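*Asks:* File follows, entry.csv with CSV, C-alpha atoms:
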```csv
chain,number,residue,atom,x,y,z
A,1210,LEU,CA,-12.4,-13.0,-10.1
A,1211,GLU,CA,-10.8,-13.6,-13.4
A,1212,ALA,CA,-7.5,-11.8,-13.9
A,1213,SER,CA,-8.0,-11.0,-17.5
A,1214,GLY,CA,-8.8,-7.3,-18.0
A,1215,HIS,CA,-7.8,-6.4,-14.4
A,1216,SER,CA,-4.8,-4.5,-13.2
A,1217,VAL,CA,-3.4,-4.3,-9.7
A,1218,LEU,CA,-1.0,-1.6,-8.3
A,1219,ILE,CA,1.3,-2.9,-5.6
A,1220,THR,CA,3.6,-0.6,-3.7
A,1221,GLY,CA,6.9,-1.7,-2.1
A,1222,CYS,CA,7.8,-4.4,-4.5
A,1223,ASP,CA,11.6,-4.1,-3.8
A,1224,SER,CA,11.4,-7.2,-1.6
A,1225,GLY,CA,9.3,-9.2,0.9
A,1226,PHE,CA,5.5,-9.3,0.6
A,1227,GLY,CA,5.3,-6.8,-2.2
A,1228,TYR,CA,7.8,-8.7,-4.4
A,1229,ALA,CA,6.2,-12.1,-3.7
A,1230,THR,CA,2.7,-10.7,-4.3
A,1231,ALA,CA,3.7,-9.1,-7.6
A,1232,ILE,CA,5.3,-12.4,-8.8
A,1233,GLN,CA,2.4,-14.5,-7.8
A,1234,LEU,CA,-0.3,-12.3,-9.3
A,1235,ASN,CA,1.7,-11.9,-12.5
A,1236,ASP,CA,2.0,-15.7,-12.7
A,1237,LYS,CA,-1.8,-15.9,-12.4
A,1238,GLY,CA,-2.3,-13.6,-15.3
A,1239,TRP,CA,-2.9,-10.3,-13.6
A,1240,HIS,CA,-1.5,-7.1,-15.1
A,1241,VAL,CA,0.8,-6.0,-12.2
A,1242,LEU,CA,1.9,-2.4,-11.8
A,1243,ALA,CA,4.7,-2.8,-9.3
A,1244,THR,CA,6.3,0.2,-7.6
A,1245,VAL,CA,9.4,0.6,-5.5
A,1246,LEU,CA,10.0,3.0,-2.6
A,1247,ASP,CA,10.8,6.4,-4.1
A,1248,TYR,CA,7.5,8.0,-5.3
A,1249,ASN,CA,9.5,11.0,-6.6
A,1250,SER,CA,11.7,9.0,-8.9
A,1251,ASP,CA,11.5,9.3,-12.7
A,1252,GLY,CA,9.7,6.0,-12.8
A,1253,ALA,CA,7.0,6.9,-10.3
A,1254,LEU,CA,3.5,6.1,-11.3
A,1255,THR,CA,1.0,8.9,-11.8
A,1256,TYR,CA,-2.7,8.8,-12.2
A,1257,GLU,CA,-2.3,9.6,-15.9
A,1258,SER,CA,0.4,7.0,-16.5
A,1259,VAL,CA,-1.7,4.2,-14.8
A,1260,VAL,CA,-4.8,5.2,-16.8
A,1261,LYS,CA,-2.8,5.1,-20.0
A,1262,GLU,CA,-1.2,1.8,-19.1
A,1263,CYS,CA,-4.6,0.2,-18.3
A,1264,GLU,CA,-6.2,1.6,-21.5
A,1265,SER,CA,-3.4,0.2,-23.6
A,1266,ARG,CA,-4.0,-3.2,-22.1
A,1267,HIS,CA,-7.8,-2.9,-22.2
A,1268,SER,CA,-7.9,-3.4,-18.4
A,1269,LYS,CA,-9.1,-1.5,-15.4
A,1270,LEU,CA,-7.3,-0.8,-12.1
A,1271,TRP,CA,-9.1,-3.2,-9.9
A,1272,SER,CA,-6.9,-3.1,-6.8
A,1273,VAL,CA,-4.4,-1.1,-4.9
A,1274,VAL,CA,-2.1,-3.0,-2.5
A,1275,ASN,CA,-0.5,-0.5,-0.2
A,1276,ASN,CA,2.5,-2.5,1.0
A,1277,ALA,CA,5.5,-0.1,1.0
A,1278,GLY,CA,7.0,0.4,4.4
A,1279,VAL,CA,10.2,1.0,6.3
A,1280,TYR,CA,11.1,-0.4,9.7
A,1281,GLY,CA,13.0,1.4,12.4
A,1282,CYS,CA,13.8,0.5,15.9
A,1283,GLY,CA,15.4,2.2,18.8
A,1284,GLU,CA,14.2,4.1,21.8
A,1285,LEU,CA,12.2,7.2,21.0
A,1286,GLU,CA,14.5,9.4,23.1
A,1287,TRP,CA,17.6,8.3,21.2
A,1288,GLY,CA,16.3,8.0,17.7
A,1289,VAL,CA,17.5,10.3,15.0
A,1290,MET,CA,14.5,12.6,14.2
A,1291,GLN,CA,15.0,12.4,10.4
A,1292,HIS,CA,14.8,8.6,10.6
A,1293,LEU,CA,11.6,8.8,12.7
A,1294,GLU,CA,10.1,11.2,10.3
A,1295,THR,CA,10.9,8.9,7.4
A,1296,ILE,CA,9.0,6.1,9.1
A,1297,ILE,CA,5.9,8.2,9.3
A,1298,GLN,CA,6.5,9.7,5.8
A,1299,VAL,CA,6.6,6.2,4.1
A,1300,ASN,CA,4.4,4.1,6.3
A,1301,VAL,CA,1.5,6.6,6.7
A,1302,LEU,CA,1.7,9.5,4.3
A,1303,GLY,CA,2.9,7.3,1.5
A,1304,TYR,CA,-0.3,5.2,1.8
A,1305,ILE,CA,-2.4,8.3,1.9
A,1306,ARG,CA,-0.7,9.7,-1.2
A,1307,VAL,CA,-1.3,6.5,-3.2
A,1308,LEU,CA,-5.0,6.3,-2.1
A,1309,ARG,CA,-5.6,10.0,-3.0
A,1310,GLN,CA,-4.0,9.4,-6.4
A,1311,PHE,CA,-5.8,6.2,-7.4
A,1312,LEU,CA,-9.0,6.0,-5.5
A,1313,PRO,CA,-11.0,7.5,-8.4
A,1314,LEU,CA,-9.9,4.5,-10.6
A,1315,ILE,CA,-10.8,2.0,-7.8
A,1316,ARG,CA,-14.2,3.6,-7.4
A,1317,ARG,CA,-14.8,3.3,-11.1
A,1318,SER,CA,-14.0,-0.4,-11.1
A,1319,ARG,CA,-15.7,-1.1,-7.8
A,1320,GLY,CA,-12.5,-2.9,-6.8
A,1321,ARG,CA,-10.6,-3.2,-3.6
A,1322,ILE,CA,-8.0,-1.5,-1.5
A,1323,ILE,CA,-5.6,-3.6,0.5
A,1324,ASN,CA,-3.5,-1.9,3.2
A,1325,VAL,CA,-0.7,-3.9,4.8
A,1326,SER,CA,-0.1,-3.0,8.4
A,1327,SER,CA,1.7,-5.1,11.0
A,1328,VAL,CA,1.2,-7.1,14.2
A,1329,ALA,CA,3.1,-4.1,15.6
A,1330,SER,CA,-0.1,-2.1,15.1
A,1331,LEU,CA,-1.6,-4.1,18.0
A,1332,PHE,CA,1.2,-3.5,20.6
A,1333,SER,CA,4.5,-1.6,20.9
A,1334,ALA,CA,7.5,-3.6,21.9
A,1335,PRO,CA,10.4,-1.7,23.5
A,1336,GLY,CA,12.3,0.2,20.8
A,1337,THR,CA,9.5,0.1,18.2
A,1338,THR,CA,7.3,2.9,19.4
A,1339,VAL,CA,7.3,5.0,16.2
A,1340,TYR,CA,7.1,2.0,13.9
A,1341,SER,CA,4.2,0.7,15.9
A,1342,LEU,CA,2.6,4.1,15.8
A,1343,SER,CA,2.9,4.2,12.0
A,1344,LYS,CA,1.3,0.8,11.7
A,1345,ALA,CA,-1.5,1.7,14.1
A,1346,ALA,CA,-2.2,4.7,11.9
A,1347,VAL,CA,-2.5,2.3,8.9
A,1348,SER,CA,-5.1,0.3,10.8
A,1349,SER,CA,-7.0,3.5,11.7
A,1350,LEU,CA,-6.8,4.7,8.1
A,1351,THR,CA,-8.1,1.4,6.8
A,1352,ASP,CA,-11.0,1.4,9.3
A,1353,GLY,CA,-12.0,5.0,8.4
A,1354,LEU,CA,-11.7,4.5,4.7
A,1355,ARG,CA,-13.8,1.3,4.9
A,1356,ARG,CA,-16.6,3.5,6.5
A,1357,GLU,CA,-16.2,6.3,4.0
A,1358,LEU,CA,-16.5,3.9,1.1
A,1359,TYR,CA,-19.4,1.9,2.5
A,1360,ASN,CA,-22.1,1.5,-0.2
A,1361,THR,CA,-19.7,2.3,-3.0
A,1362,GLY,CA,-18.9,-1.3,-4.0
A,1363,VAL,CA,-15.2,-0.8,-3.0
A,1364,ASP,CA,-13.9,-3.3,-0.4
A,1365,VAL,CA,-11.2,-2.0,2.0
A,1366,ILE,CA,-9.1,-4.7,3.6
A,1367,GLU,CA,-6.3,-4.7,6.2
A,1368,ILE,CA,-3.7,-7.4,6.3
A,1369,ILE,CA,-1.8,-7.7,9.6
A,1370,PRO,CA,1.3,-9.9,9.0
A,1371,GLN,CA,4.1,-10.7,11.4
A,1372,ALA,CA,7.7,-10.3,10.5
A,1373,TYR,CA,8.7,-11.3,7.0
A,1374,LYS,CA,11.9,-10.7,5.0
```
Take the structure in the file and give it back as structure tokens.

*Replies:*
Amino acid sequence: LEASGHSVLITGCDSGFGYATAIQLNDKGWHVLATVLDYNSDGALTYESVVKECESRHSKLWSVVNNAGVYGCGELEWGVMQHLETIIQVNVLGYIRVLRQFLPLIRRSRGRIINVSSVASLFSAPGTTVYSLSKAAVSSLTDGLRRELYNTGVDVIEIIPQAYK
């Protein structure tokens, strides 16, 4: 696919996979809309701001890469509840918020959704129960969305990486 005329929205570009992906796609000529962790910040992207940005560049939103995530470890019994809730809030509900916001644009372009989960979605190591749960939820979300969008021309992809910093 030629990059010209196509935009990609990538969440979690503070570091790691998101940062590296944003740099690489930008170098290949893609119009990259890179986000950082706080969706409530003044710079948070809205549906309207993405439409406006794409129109100003004569491009369409072709892909959403749901990559934002937080890691947490510690035994479930001893974990601080607020920290455990943050893991679910960012790793699961954050993906859902992004998808609900931008899915109409992806449908229009018949593009693709890429959800980044983790090898932790396949098994829970001691001390990673809630993190693993959140990544298993991303796997389930991806599978369900793939079925919901069957025959729409939208591809739904899951990437299951190991640890990366």

*Asks:* For a test of reading the model, state the distance in Å between CA of Ser1272 (chain A) and CA of Leu1234 (chain A), rounded to one decimal.

*Replies:*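 CA of Leu1234 (chain A) lies 11.6 Å from CA of Ser1272 (chain A).
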
*Asks:* What is the distance between CA of Thr1230 (chain A) and CA of Leu1342 (chain A), in Å to one decimal?

*Replies:* 25.0 Å

*Asks:* Could you check the closest approach to Leu1270 (chain A) for each of A:Leu1314, A:Val1301, A:Ala1346, A:Ile1219 and tell me which residue wins, using all atoms listed in the file?

*Replies:*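 Using all atoms listed in the file, Leu1270 (chain A) sits closest to A:Leu1314.
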
*Asks:* Counting only C-alpha atoms, which of A:Val1241, A:Ala1334, A:Val1299, A:Ile1305 gets nearest to Leu1285 (chain A)?

*Replies:*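 For Leu1285 (chain A), the nearest of the given residues is A:Ala1334.
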
*Asks:* Quick one: distance from CA of Ile1366 (chain A) to CA of Cys1282 (chain A) in Å, one decimal?

*Replies:*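 Between CA of Ile1366 (chain A) and CA of Cys1282 (chain A) the gap is 26.5 Å.
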
*Asks:* Please identify all polymer residues within 10 Å of region 1315-1319 of chain A, counting only C-alpha atoms, omitting same-chain residues fewer than 4 positions from it, and present them as a list in words.

*Replies:*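 Residues meeting the cut-off are His1215, Val1217, Ser1268, Lys1269, Leu1270, Trp1271, Ser1272, Val1273, Leu1308, Phe1311, Leu1358, Thr1361, Gly1362, Val1363 and Asp1364 of chain A.
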
*Asks:* At most 12 Å from (5.0, -3.7, 20.2), file frame, all atoms listed in the file: which residues, as an NGL selection string?

*Replies:* :A and (1282 or 1327-1345 or 1371)

*Asks:* Select all residues near (5.3, -4.6, -4.0) (cut-off 10 Å, inclusive, file coordinates), counting all atoms listed in the file, and output them as a count of residues only.

*Replies:* 26
